[in-house]
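Colleague: Would you mind keeping the following structure in view while I ask a few things?
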Amino acid sequence: MGGMVTMLSGSHSLDQLLEAYAVGPGPVVRANFVSTLDGHATGGDGLSGSINSSADKQVFDVLRALADVVVVGAGTIRAEGYGRLRTEDPALVQVRRAAGRADHPTLAVVTASGDLPEKVMVDDPDGGALLVLCARAVSDDLAERIGADAVVPAGADLVEPSLAVEALHERGLDHVLTEGGPHLLGGWLQAGVVDELCLTIRPVVVGGTGPRIVEAPIGRTGELAHFDLRHALAIESDLMLRYVATPD
Ligand SMILES: NC(=O)c1ccc[n+]([C@@H]2O[C@H](COP(=O)([O-])OP(=O)(O)OC[C@H]3O[C@@H](n4cnc5c(N)ncnc54)[C@H](OP(=O)(O)O)[C@@H]3O)[C@@H](O)[C@H]2O)c1
């Protein structure tokens, strides 16, 4: 499929971005990541926040606004200090309400160990709901901490991506967005559950051997996934790429 390349420079409206990232009705899983020019998923401090930009943040917020649930691996939760999700921009709250969504997306954390920081476990009346997609081995402990309704066992020792996605869809959470991190994305690509990859390329070079956006599952070599370009938005010097999975 030939990609539609759209150049947006300078100012760009919320409506333009909402249109560019709109999805049709029905279940969808997309991933959103940021990478430096030399392929790094984090800056010198080991966090992705330090390679963000205002343009990337705008697209990040739009993708969240269109999602019912944001899935994040426990490694990223611990590293980036995630709490419950909040839609801060009143315009995006309106977008969610118009689409029949809750004001804030649900946060779904993926863990095998059950080792989750207090910040994400405590209820936030001004934020979205929490689900924990976990291995069965830790589900009883988690249920005691956060209540059985928030705990979704989706595999024996590890969370199986297809069971996780099925469980979210069964709860009416059709539009699934994952923000990573690299281990989670590797597993989800290998399982073939990712419909779209939204990738921001930031024009910075950090060098060294930091993480890439995908940590390949152990023992896996060769191509993990293949995508076709849907659009490329150039905003200032950032490139916002929207890729859709190539049909089998
Ligand atoms: N550039 C970007 O867009 C971007 C996006 C996200 C994160 N990051 C960066 O990535 C780094 C974190 O990397 P990471 O690879 O550790 O992140 P990650 O994939 O979020 O975390 C890995 C952890 O998530 C859980 N997990 C993932 N897949 C699982 C599965 N199938 N079953 C059960 N548990 C599973 C496990 O948690 P337990 O250990 O609890 O079992 C695992 O140790 C941070 O530095 C962060 O800043 C960058």
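In the structure tokens, chains take letters A, B, ... by order of appearance, with residues numbered from 1 within each chain and ligands from 1 in the order shown.
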Using backbone DSSP assignments, extract all strand (DSSP E or B) residues from range 30-226 of chain A; output them as a VMD selection string.

Modeller: chain A and resid 30 to 36 69 to 73 106 to 111 130 to 134 151 to 153 175 to 178 196 to 202

Colleague: Considering only C-alpha atoms, return as a PyMOL selection string whatever protein or nucleic-acid residues lie within 8 Å of Met240 in chain A, sequence-local ones (same chain, fewer than 5 positions apart) excluded.

Modeller: chain A and resi 56+198-201+231-235

Colleague: Kindly work out which residues sit at most 7 Å from ligand 1, using only C-alpha atoms and all ligand atoms, and give the list as an MDAnalysis selection string.

Modeller: chainID A and resid 32:35 41:42 46:48 72:77 79:80 110:116 134:135 158:161 179:185 187 211 213 215

Colleague: For Thr36 in chain A, find every residue with an atom within 6 Å (counting only C-alpha atoms), except residues of its own chain fewer than 2 positions away, and show them as a PyMOL selection string.

Modeller: chain A and resi 38-40+201-202+204-205

Colleague: How about saving the chosen residues, all heavy atoms kept, as a short mmCIF file (atom, residue, chain, number, x, y, z; two decimals), in the first residue's frame?

Modeller:
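Now in again13.cif:
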data_model
loop_
_atom_site.label_atom_id
_atom_site.label_comp_id
_atom_site.auth_asym_id
_atom_site.auth_seq_id
_atom_site.Cartn_x
_atom_site.Cartn_y
_atom_site.Cartn_z
N ASP A 38 18.77 8.06 16.04
CA ASP A 38 19.64 6.88 16.04
C ASP A 38 18.98 5.68 16.72
O ASP A 38 19.64 4.74 17.13
CB ASP A 38 21.03 7.19 16.64
CG ASP A 38 20.98 7.79 18.05
OD1 ASP A 38 19.94 8.39 18.41
OD2 ASP A 38 21.97 7.66 18.77
N GLY A 39 17.64 5.72 16.80
CA GLY A 39 16.90 4.51 17.17
C GLY A 39 16.78 4.23 18.65
O GLY A 39 16.42 3.13 19.04
N HIS A 40 17.05 5.24 19.50
CA HIS A 40 16.94 5.00 20.94
C HIS A 40 15.54 5.33 21.46
O HIS A 40 14.91 6.29 21.03
CB HIS A 40 17.96 5.84 21.70
CG HIS A 40 19.34 5.31 21.55
ND1 HIS A 40 19.82 4.28 22.34
CD2 HIS A 40 20.34 5.62 20.69
CE1 HIS A 40 21.06 4.00 21.96
NE2 HIS A 40 21.40 4.79 20.97
N ILE A 201 9.51 10.16 15.33
CA ILE A 201 10.97 10.22 15.20
C ILE A 201 11.42 11.62 15.62
O ILE A 201 11.01 12.62 15.02
CB ILE A 201 11.42 9.97 13.74
CG1 ILE A 201 10.89 8.64 13.21
CG2 ILE A 201 12.95 10.04 13.65
CD1 ILE A 201 11.51 7.43 13.81
N ARG A 202 12.21 11.67 16.68
CA ARG A 202 12.71 12.95 17.19
C ARG A 202 14.12 13.20 16.66
O ARG A 202 14.96 12.30 16.71
CB ARG A 202 12.78 12.92 18.73
CG ARG A 202 11.45 12.80 19.41
CD ARG A 202 10.87 14.10 19.94
NE ARG A 202 11.28 15.33 19.31
CZ ARG A 202 12.11 16.25 19.83
NH1 ARG A 202 12.67 16.06 20.98
NH2 ARG A 202 12.38 17.35 19.17
N VAL A 204 16.97 13.99 17.45
CA VAL A 204 18.10 14.07 18.36
C VAL A 204 18.88 12.75 18.25
O VAL A 204 18.32 11.72 17.88
CB VAL A 204 17.68 14.30 19.84
CG1 VAL A 204 17.06 15.67 20.03
CG2 VAL A 204 16.72 13.23 20.31
N VAL A 205 20.16 12.83 18.56
CA VAL A 205 21.02 11.64 18.52
C VAL A 205 21.61 11.49 19.91
O VAL A 205 22.19 12.44 20.43
CB VAL A 205 22.13 11.82 17.47
CG1 VAL A 205 23.11 10.66 17.51
CG2 VAL A 205 21.52 11.96 16.07
#

Colleague: Give me every alpha helix (DSSP H) residue in range 86-162 of chain A, going by DSSP on the backbone, as a ChimeraX atom specification.

Modeller: /A:90-98,118-121,139-146,161-162

Colleague: How would the residues just picked look written out with C-alpha atoms as a compact mmCIF listing (two decimals), in the first residue's frame?

Modeller:
# COMPACT_ATOMS: atom_id res chain seq x y z
CA PRO A 90 -11.11 20.13 28.43
CA ALA A 91 -11.28 19.97 24.60
CA LEU A 92 -10.14 16.34 24.73
CA VAL A 93 -12.64 15.58 27.50
CA GLN A 94 -15.33 16.85 25.10
CA VAL A 95 -13.94 14.59 22.33
CA ARG A 96 -14.19 11.60 24.68
CA ARG A 97 -17.72 12.44 25.82
CA ALA A 98 -18.89 12.93 22.22
CA GLU A 118 1.90 2.41 45.35
CA LYS A 119 1.38 5.47 43.14
CA VAL A 120 -0.45 3.45 40.51
CA MET A 121 -2.32 1.26 43.00
CA SER A 139 -3.57 -12.69 40.87
CA ASP A 140 -4.72 -13.54 44.44
CA ASP A 141 -2.18 -11.20 46.01
CA LEU A 142 -3.14 -8.39 43.65
CA ALA A 143 -6.86 -8.97 44.24
CA GLU A 144 -6.25 -8.47 47.97
CA ARG A 145 -4.48 -5.19 47.31
CA ILE A 146 -6.75 -3.59 44.71
CA PRO A 161 -1.13 -10.83 24.59
CA SER A 162 -4.09 -12.40 22.79

Colleague: Return the single residue from A:Thr246, A:Thr87, A:Ser237, A:Thr221 that is closest to Asp195 in chain A, with distances computed using only C-alpha atoms.

Modeller: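 The shortest atom-to-atom distance to Asp195 in chain A comes from A:Thr246.
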
Colleague: For a test of reading the model, state the distance in Å between CA of Val206 in chain A and CA of Leu189 in chain A, rounded to one decimal.

Modeller: 25.6 Å

Colleague: For Tyr82 in chain A, which residue out of A:Pro117, A:Arg101, A:Asp68, A:Gly43 is the nearest one, using only C-alpha atoms?

Modeller: A:Pro117

Colleague: With only C-alpha atoms as the atoms that count, which of A:Gly186, A:Ala20, A:Arg212, A:Val71 lies nearest to Leu130 in chain A?

Modeller: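 For Leu130 in chain A, the nearest of the given residues is A:Val71.
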
Colleague: Need to verify the contact set: Gly127 in chain A, 7 Å, only C-alpha atoms, exclusion of same-chain residues closer than 2 positions in sequence. Can you return it as an MDAnalysis selection string?

Modeller: chainID A and resid 84:86 104 124:125 129

Colleague: Would you save the residues from that selection as a short mmCIF file (atom, residue, chain, number, x, y, z; two decimals), in the first residue's frame, using N, CA and C atoms?

Modeller:
data_model
loop_
_atom_site.label_atom_id
_atom_site.label_comp_id
_atom_site.auth_asym_id
_atom_site.auth_seq_id
_atom_site.Cartn_x
_atom_site.Cartn_y
_atom_site.Cartn_z
N ARG A 84 -2.67 6.93 37.82
CA ARG A 84 -3.89 6.80 37.00
C ARG A 84 -3.92 7.89 35.93
N LEU A 85 -4.59 7.59 34.83
CA LEU A 85 -4.56 8.52 33.69
C LEU A 85 -5.62 9.60 33.84
N ARG A 86 -5.25 10.79 33.42
CA ARG A 86 -6.19 11.92 33.46
C ARG A 86 -6.17 12.63 32.13
N HIS A 104 -11.70 9.80 31.32
CA HIS A 104 -10.28 9.41 31.35
C HIS A 104 -10.15 7.97 30.89
N ASP A 124 -7.54 7.23 42.38
CA ASP A 124 -7.47 8.67 42.15
C ASP A 124 -8.84 9.10 41.64
N PRO A 125 -9.61 9.78 42.50
CA PRO A 125 -10.98 10.14 42.10
C PRO A 125 -11.01 11.05 40.88
N ALA A 129 -9.88 4.52 35.65
CA ALA A 129 -9.88 3.25 36.39
C ALA A 129 -8.55 2.51 36.16
#

Colleague: Could you state the separation of CA of Leu14 in chain A and CA of Glu88 in chain A in Å, given to one decimal place?

Modeller: 14.4 Å

Colleague: Please list as a list in words every residue within 6 Å of Val244 in chain A, counting only C-alpha atoms and excluding residues in the same chain fewer than 5 positions away.

Modeller: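 So, after excluding close chain neighbours, the residues are Asp195, Glu196, Phe227 and Asp228 of chain A.
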
Colleague: Export, as a PDB file, in the first residue's frame, the selected residues with all heavy atoms.

Modeller:
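Saved result, selection-v8.pdb, follows:
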ATOM      1  N   ASP A 195      -2.332  -3.811  15.595  1.00  0.00           N
ATOM      2  CA  ASP A 195      -2.885  -3.387  14.298  1.00  0.00           C
ATOM      3  C   ASP A 195      -2.156  -2.170  13.745  1.00  0.00           C
ATOM      4  O   ASP A 195      -2.098  -1.978  12.530  1.00  0.00           O
ATOM      5  CB  ASP A 195      -4.368  -3.027  14.441  1.00  0.00           C
ATOM      6  CG  ASP A 195      -5.187  -4.196  14.945  1.00  0.00           C
ATOM      7  OD1 ASP A 195      -5.104  -5.271  14.333  1.00  0.00           O
ATOM      8  OD2 ASP A 195      -5.883  -4.037  15.965  1.00  0.00           O
ATOM      9  N   GLU A 196      -1.682  -1.308  14.634  1.00  0.00           N
ATOM     10  CA  GLU A 196      -1.058  -0.057  14.184  1.00  0.00           C
ATOM     11  C   GLU A 196       0.120   0.302  15.074  1.00  0.00           C
ATOM     12  O   GLU A 196       0.072   0.074  16.278  1.00  0.00           O
ATOM     13  CB  GLU A 196      -2.043   1.124  14.316  1.00  0.00           C
ATOM     14  CG  GLU A 196      -3.141   1.123  13.321  1.00  0.00           C
ATOM     15  CD  GLU A 196      -3.840   2.494  13.259  1.00  0.00           C
ATOM     16  OE1 GLU A 196      -3.288   3.489  13.778  1.00  0.00           O
ATOM     17  OE2 GLU A 196      -4.935   2.530  12.703  1.00  0.00           O
ATOM     18  N   PHE A 227       4.804  -3.432   8.507  1.00  0.00           N
ATOM     19  CA  PHE A 227       3.751  -2.408   8.490  1.00  0.00           C
ATOM     20  C   PHE A 227       3.750  -1.655   7.166  1.00  0.00           C
ATOM     21  O   PHE A 227       4.770  -1.585   6.473  1.00  0.00           O
ATOM     22  CB  PHE A 227       3.976  -1.402   9.632  1.00  0.00           C
ATOM     23  CG  PHE A 227       3.760  -1.981  11.003  1.00  0.00           C
ATOM     24  CD1 PHE A 227       4.806  -2.570  11.692  1.00  0.00           C
ATOM     25  CD2 PHE A 227       2.512  -1.950  11.590  1.00  0.00           C
ATOM     26  CE1 PHE A 227       4.605  -3.118  12.945  1.00  0.00           C
ATOM     27  CE2 PHE A 227       2.298  -2.489  12.849  1.00  0.00           C
ATOM     28  CZ  PHE A 227       3.349  -3.075  13.529  1.00  0.00           C
ATOM     29  N   ASP A 228       2.598  -1.070   6.840  1.00  0.00           N
ATOM     30  CA  ASP A 228       2.481  -0.168   5.694  1.00  0.00           C
ATOM     31  C   ASP A 228       2.239   1.243   6.220  1.00  0.00           C
ATOM     32  O   ASP A 228       1.524   1.433   7.205  1.00  0.00           O
ATOM     33  CB  ASP A 228       1.283  -0.575   4.824  1.00  0.00           C
ATOM     34  CG  ASP A 228       1.484  -1.943   4.210  1.00  0.00           C
ATOM     35  OD1 ASP A 228       2.587  -2.215   3.709  1.00  0.00           O
ATOM     36  OD2 ASP A 228       0.543  -2.757   4.269  1.00  0.00           O
TER      37      ASP A 228
END

Colleague: Taking only C-alpha atoms into account, name the residue in A:Ala55, A:Ala225, A:Leu239, A:Val62 that is nearest to Leu37 in chain A.

Modeller: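 Answer, going by the shortest atom-to-atom distance: A:Leu239.
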